[in-house]
Amino acid sequence: MHVSDDIDEFLRYLSAERGYSAHTVRAYRTDLNQLAGFAGDRGVTASAELSLELLREWLWVATQAGLARATLARRSASARSFTAWLARSDDFVTDPAARLRSPKPGRTLPRVIAQTQMSELLELLAARAAGGEALALRDLAIVELLYAAALRVSELVGLDLADVDLERLTVRVTGKGAKERVVPFGVPAKRALVDYLRQGRDLGAAVSPDAVKTGPAPAARSNFAVPNLAVPNLGAPALAAPVTNASNDTTALFLGRRGRRLGVRGVYRLVAALLAAVPGTGPAGPHALRHTAATHLLDGGADLRAVQELLGHVSLGTTQIYTHVSAERLKTSYGLAHPRA
């Protein structure tokens, strides 16, 4: 079978049977289409003609092009998964990528916001929300929940009203691979969510916090209206006129423009604007809040395996990077404070 046809079938397998997210499937598609193009340039069009030598050359050319070690490791992993699937499907007698090796991705420490800085950011958002403006209330609830529950941005925007339990202070999250987990959050996040549900969706027809656990009644859903959202900045947010919600996204916890489910980009712009004034290196998007929450938990004495479960990591090794962050922060503090440092 042609390589491209096998790739399409493999991607359907990842989506339908393995439950991979659309984002992950797109990453596989990008890597494998690049491999198919490389193979085609060398006269290899059938999957059965793929060889270890060709795969090694593919990675070597990418290395010479200056691709990052993490990209090379991802491409190698994509190729190994693809050929292993082909081998199980009897397209190969042996798996050509079984012995394919790639450089381990360089481990960089994630950006972490200091606890004092995080408190200042939340106080800033709370001050903006004190006036009861819908946009400010929503923004405060988003940042509080991202930080309190250490959520991925995709997990946050995928939340429905019924996923939040304000009595038990937990939220049901669908993470990578469509795996569900229940994550706790604190009282400040609860207060922000309650205020948002009472006033932030629509000042005239807000959702009762009591309806969150089981979702709003159908009659109430048709009455939702949300503000016309704008990209927030560090100044006072301007609230546009409400827009009646006529979409099917009324079960979403966070709504965006025209009453539809808030998207990843909207949350990224919000957090990036908020963190723009915070000193530090590394990306300034929502994932920085997840890194920050995990590091602060470990700084406070939380068990590593408990943090692993909270974050939804399959491997404990993925979570251990935050122990390195805590160690680096300890070294910095030691160097600044100890007289014999």
# chains A, B, ... in the order shown; residues from 1 in each chain; ligands from 1

call {"tool": "residues_around", "arguments": {"residues": "Val171 of chain A", "least_positions_apart": "2", "cutoff": "7 Å", "atoms": "only C-alpha atoms", "output": "short mmCIF file (atom, residue, chain, number, x, y, z; two decimals) with N, CA and C atoms, in the first residue's frame"}}
result
data_model
loop_
_atom_site.label_atom_id
_atom_site.label_comp_id
_atom_site.auth_asym_id
_atom_site.auth_seq_id
_atom_site.Cartn_x
_atom_site.Cartn_y
_atom_site.Cartn_z
N ASP A 163 -19.11 19.54 34.98
CA ASP A 163 -17.82 19.00 35.42
C ASP A 163 -17.36 19.61 36.74
N VAL A 164 -17.96 20.72 37.15
CA VAL A 164 -17.52 21.43 38.35
C VAL A 164 -18.42 21.07 39.52
N ASP A 165 -17.81 20.66 40.62
CA ASP A 165 -18.54 20.35 41.85
C ASP A 165 -18.12 21.36 42.91
N VAL A 173 -11.89 16.45 34.78
CA VAL A 173 -11.08 16.92 33.65
C VAL A 173 -10.87 15.78 32.67
N VAL A 182 -10.21 13.52 38.38
CA VAL A 182 -10.89 14.50 39.23
C VAL A 182 -9.83 15.27 39.99
N VAL A 183 -9.86 16.60 39.86
CA VAL A 183 -8.81 17.45 40.41
C VAL A 183 -9.43 18.41 41.43
N PRO A 184 -8.79 18.57 42.59
CA PRO A 184 -9.32 19.52 43.57
C PRO A 184 -8.91 20.96 43.25
#

call {"tool": "residues_around", "arguments": {"residues": "segment 128-142 of chain A", "least_positions_apart": "2", "cutoff": "6 Å", "atoms": "only C-alpha atoms", "output": "PyMOL selection string"}}
result
chain A and resi 125-126+144-145+192-193+196+200

call {"tool": "write_last_selection", "arguments": {"atoms": "all heavy atoms", "output": "PDB file, in the first residue's frame"}}
result
ATOM      1  N   LEU A 125      -6.217  40.879  39.228  1.00  0.00           N
ATOM      2  CA  LEU A 125      -7.444  40.407  38.584  1.00  0.00           C
ATOM      3  C   LEU A 125      -8.651  40.561  39.501  1.00  0.00           C
ATOM      4  O   LEU A 125      -9.750  40.912  39.048  1.00  0.00           O
ATOM      5  CB  LEU A 125      -7.279  38.943  38.179  1.00  0.00           C
ATOM      6  CG  LEU A 125      -6.334  38.673  36.999  1.00  0.00           C
ATOM      7  CD1 LEU A 125      -6.114  37.174  36.827  1.00  0.00           C
ATOM      8  CD2 LEU A 125      -6.871  39.279  35.719  1.00  0.00           C
ATOM      9  N   ALA A 126      -8.458  40.310  40.795  1.00  0.00           N
ATOM     10  CA  ALA A 126      -9.565  40.449  41.747  1.00  0.00           C
ATOM     11  C   ALA A 126     -10.018  41.901  41.848  1.00  0.00           C
ATOM     12  O   ALA A 126     -11.216  42.188  41.951  1.00  0.00           O
ATOM     13  CB  ALA A 126      -9.141  39.929  43.118  1.00  0.00           C
ATOM     14  N   GLU A 144      -7.666  31.760  38.191  1.00  0.00           N
ATOM     15  CA  GLU A 144      -7.728  31.057  39.476  1.00  0.00           C
ATOM     16  C   GLU A 144      -7.806  29.551  39.272  1.00  0.00           C
ATOM     17  O   GLU A 144      -7.118  28.791  39.947  1.00  0.00           O
ATOM     18  CB  GLU A 144      -8.941  31.537  40.275  1.00  0.00           C
ATOM     19  CG  GLU A 144      -8.751  32.866  40.987  1.00  0.00           C
ATOM     20  CD  GLU A 144      -7.988  32.732  42.312  1.00  0.00           C
ATOM     21  OE1 GLU A 144      -7.392  31.658  42.565  1.00  0.00           O
ATOM     22  OE2 GLU A 144      -7.999  33.715  43.076  1.00  0.00           O
ATOM     23  N   LEU A 145      -8.631  29.102  38.313  1.00  0.00           N
ATOM     24  CA  LEU A 145      -8.802  27.664  38.119  1.00  0.00           C
ATOM     25  C   LEU A 145      -7.579  27.046  37.446  1.00  0.00           C
ATOM     26  O   LEU A 145      -7.168  25.931  37.796  1.00  0.00           O
ATOM     27  CB  LEU A 145     -10.063  27.403  37.289  1.00  0.00           C
ATOM     28  CG  LEU A 145     -10.541  25.944  37.242  1.00  0.00           C
ATOM     29  CD1 LEU A 145     -10.797  25.418  38.652  1.00  0.00           C
ATOM     30  CD2 LEU A 145     -11.807  25.831  36.398  1.00  0.00           C
ATOM     31  N   ALA A 192     -14.228  32.728  42.949  1.00  0.00           N
ATOM     32  CA  ALA A 192     -14.165  33.332  41.619  1.00  0.00           C
ATOM     33  C   ALA A 192     -15.172  32.682  40.671  1.00  0.00           C
ATOM     34  O   ALA A 192     -15.815  33.368  39.869  1.00  0.00           O
ATOM     35  CB  ALA A 192     -12.747  33.201  41.063  1.00  0.00           C
ATOM     36  N   LEU A 193     -15.327  31.360  40.774  1.00  0.00           N
ATOM     37  CA  LEU A 193     -16.282  30.663  39.915  1.00  0.00           C
ATOM     38  C   LEU A 193     -17.717  31.046  40.257  1.00  0.00           C
ATOM     39  O   LEU A 193     -18.544  31.268  39.366  1.00  0.00           O
ATOM     40  CB  LEU A 193     -16.092  29.150  40.063  1.00  0.00           C
ATOM     41  CG  LEU A 193     -14.874  28.556  39.355  1.00  0.00           C
ATOM     42  CD1 LEU A 193     -14.634  27.120  39.820  1.00  0.00           C
ATOM     43  CD2 LEU A 193     -15.049  28.591  37.836  1.00  0.00           C
ATOM     44  N   TYR A 196     -18.422  34.474  38.948  1.00  0.00           N
ATOM     45  CA  TYR A 196     -18.540  34.440  37.490  1.00  0.00           C
ATOM     46  C   TYR A 196     -19.878  33.857  37.062  1.00  0.00           C
ATOM     47  O   TYR A 196     -20.549  34.378  36.155  1.00  0.00           O
ATOM     48  CB  TYR A 196     -17.388  33.620  36.917  1.00  0.00           C
ATOM     49  CG  TYR A 196     -17.611  33.160  35.493  1.00  0.00           C
ATOM     50  CD1 TYR A 196     -17.647  34.071  34.437  1.00  0.00           C
ATOM     51  CD2 TYR A 196     -17.779  31.805  35.204  1.00  0.00           C
ATOM     52  CE1 TYR A 196     -17.856  33.645  33.135  1.00  0.00           C
ATOM     53  CE2 TYR A 196     -17.986  31.378  33.899  1.00  0.00           C
ATOM     54  CZ  TYR A 196     -18.023  32.295  32.872  1.00  0.00           C
ATOM     55  OH  TYR A 196     -18.237  31.869  31.583  1.00  0.00           O
ATOM     56  N   GLY A 200     -21.041  36.858  35.679  1.00  0.00           N
ATOM     57  CA  GLY A 200     -20.135  36.995  34.543  1.00  0.00           C
ATOM     58  C   GLY A 200     -20.677  36.537  33.218  1.00  0.00           C
ATOM     59  O   GLY A 200     -20.260  37.022  32.170  1.00  0.00           O
TER      60      GLY A 200
END

call {"tool": "select_by_dssp", "arguments": {"residues": "segment 4-196 of chain A", "states": "strand (DSSP E)", "output": "ChimeraX atom specification"}}
result
/A:164-165,170-174,180-184

call {"tool": "write_last_selection", "arguments": {"atoms": "N, CA and C atoms", "output": "CSV table (one decimal), in the first residue's frame"}}
result
chain,number,residue,atom,x,y,z
A,164,VAL,N,-18.0,20.7,37.1
A,164,VAL,CA,-17.5,21.4,38.3
A,164,VAL,C,-18.4,21.1,39.5
A,165,ASP,N,-17.8,20.7,40.6
A,165,ASP,CA,-18.5,20.3,41.8
A,165,ASP,C,-18.1,21.4,42.9
A,170,THR,N,-14.1,20.2,43.5
A,170,THR,CA,-13.4,19.3,42.5
A,170,THR,C,-13.9,19.7,41.1
A,171,VAL,N,-13.1,19.3,40.2
A,171,VAL,CA,-13.4,19.5,38.8
A,171,VAL,C,-13.1,18.2,38.0
A,172,ARG,N,-14.0,17.7,37.2
A,172,ARG,CA,-13.7,16.5,36.4
A,172,ARG,C,-13.1,17.0,35.1
A,173,VAL,N,-11.9,16.5,34.8
A,173,VAL,CA,-11.1,16.9,33.7
A,173,VAL,C,-10.9,15.8,32.7
A,174,THR,N,-11.0,16.1,31.4
A,174,THR,CA,-10.6,15.1,30.3
A,174,THR,C,-9.3,15.5,29.8
A,180,GLU,N,-10.0,10.6,31.9
A,180,GLU,CA,-10.6,11.5,32.9
A,180,GLU,C,-9.9,11.4,34.3
A,181,ARG,N,-9.9,12.6,34.9
A,181,ARG,CA,-9.4,12.6,36.3
A,181,ARG,C,-10.2,13.6,37.1
A,182,VAL,N,-10.2,13.5,38.4
A,182,VAL,CA,-10.9,14.5,39.2
A,182,VAL,C,-9.8,15.3,40.0
A,183,VAL,N,-9.9,16.6,39.9
A,183,VAL,CA,-8.8,17.4,40.4
A,183,VAL,C,-9.4,18.4,41.4
A,184,PRO,N,-8.8,18.6,42.6
A,184,PRO,CA,-9.3,19.5,43.6
A,184,PRO,C,-8.9,21.0,43.3

call {"tool": "residues_around", "arguments": {"residues": "segment 78-92 of chain A", "least_positions_apart": "4", "cutoff": "8 Å", "atoms": "only C-alpha atoms", "output": "PyMOL selection string"}}
result
chain A and resi 7+10+28+31-32+47-48+55+74+96-98+100

call {"tool": "write_last_selection", "arguments": {"atoms": "N, CA, C and O atoms", "output": "compact mmCIF listing (two decimals), in the first residue's frame"}}
result
# COMPACT_ATOMS: atom_id res chain seq x y z
N ILE A 7 -0.57 6.11 6.14
CA ILE A 7 -0.53 7.18 7.13
C ILE A 7 -1.94 7.62 7.49
O ILE A 7 -2.27 7.79 8.68
N PHE A 10 -3.46 5.00 9.68
CA PHE A 10 -2.82 5.04 11.00
C PHE A 10 -3.37 6.20 11.84
O PHE A 10 -3.65 6.03 13.03
N TYR A 28 1.41 14.04 14.63
CA TYR A 28 1.78 12.81 13.91
C TYR A 28 1.67 13.02 12.41
O TYR A 28 2.54 12.58 11.64
N ASP A 31 4.66 15.04 11.04
CA ASP A 31 5.90 14.27 10.99
C ASP A 31 5.87 13.21 9.89
O ASP A 31 6.83 13.06 9.12
N LEU A 32 4.77 12.47 9.82
CA LEU A 32 4.70 11.35 8.89
C LEU A 32 4.54 11.81 7.44
O LEU A 32 5.06 11.17 6.52
N SER A 47 4.79 1.46 1.65
CA SER A 47 5.19 1.33 3.06
C SER A 47 6.14 0.17 3.26
O SER A 47 7.05 0.23 4.09
N ALA A 48 5.95 -0.92 2.50
CA ALA A 48 6.80 -2.10 2.65
C ALA A 48 8.24 -1.82 2.26
O ALA A 48 9.14 -2.59 2.61
N LEU A 55 15.15 5.67 7.19
CA LEU A 55 14.70 6.41 8.37
C LEU A 55 15.87 7.12 9.04
O LEU A 55 15.73 8.27 9.50
N ARG A 74 10.81 13.70 18.58
CA ARG A 74 9.39 13.52 18.27
C ARG A 74 9.21 12.83 16.93
O ARG A 74 8.38 11.94 16.77
N PRO A 96 11.08 -1.94 10.69
CA PRO A 96 12.34 -1.29 10.34
C PRO A 96 12.78 -0.23 11.33
O PRO A 96 13.96 0.11 11.41
N ALA A 97 11.85 0.32 12.10
CA ALA A 97 12.20 1.40 13.04
C ALA A 97 12.44 0.89 14.45
O ALA A 97 12.66 1.69 15.37
N ALA A 98 12.40 -0.43 14.63
CA ALA A 98 12.57 -0.96 15.98
C ALA A 98 13.92 -0.58 16.57
O ALA A 98 14.06 -0.40 17.79
N LEU A 100 15.62 2.16 15.50
CA LEU A 100 15.87 3.57 15.20
C LEU A 100 16.08 4.35 16.50
O LEU A 100 15.27 4.29 17.41

call {"tool": "select_by_dssp", "arguments": {"residues": "segment 31-126 of chain A", "states": "helix (DSSP H, G or I)", "output": "PyMOL selection string"}}
result
chain A and resi 31-41+47-49+52-64+69-88+115-126

call {"tool": "closest_residue", "arguments": {"among": "A:Val25, A:Ala272, A:Leu54, A:Ala149", "to": "Ala39 of chain A", "atoms": "only C-alpha atoms"}}
result
A:Leu54

call {"tool": "residues_around", "arguments": {"residues": "Ala27 of chain A", "least_positions_apart": "2", "cutoff": "12 Å", "atoms": "only C-alpha atoms", "output": "list in words"}}
result
Leu11, Leu14, Tyr20, Ser21, Ala22, His23, Thr24, Val25, Arg29, Thr30, Asp31, Leu32, Asn33, Gln34, Thr71, Arg74, Arg75, Ala77, Ser78 and Ala79 of chain A

call {"tool": "closest_residue", "arguments": {"among": "A:Val307, A:Val61, A:Val314, A:Val267", "to": "Phe38 of chain A", "atoms": "only C-alpha atoms"}}
result
A:Val61

call {"tool": "atom_distance", "arguments": {"atom1": "atom CA of Leu161 of chain A", "atom2": "atom CA of Arg191 of chain A"}}
result
15.4 Å

call {"tool": "atom_distance", "arguments": {"atom1": "atom CA of Glu53 of chain A", "atom2": "atom CA of Thr94 of chain A"}}
result
13.9 Å

call {"tool": "residues_around", "arguments": {"residues": "segment 261-266 of chain A", "least_positions_apart": "6", "cutoff": "8 Å", "atoms": "only C-alpha atoms", "output": "list in words"}}
result
Val153, Ser154, Val157, Val231, Asp249, Thr250, Ala252, Leu253, Phe254 and Leu255 of chain A

call {"tool": "atom_distance", "arguments": {"atom1": "atom CA of Trp58 of chain A", "atom2": "atom CA of Arg18 of chain A"}}
result
26.6 Å

call {"tool": "residues_around", "arguments": {"residues": "Pro286 of chain A", "least_positions_apart": "2", "cutoff": "8 Å", "atoms": "only C-alpha atoms", "output": "list in words"}}
result
Leu146, Arg152, Val153, Val267, Tyr268, Val271, Ala272, Ala284, Ala288, Leu289 and Arg290 of chain A
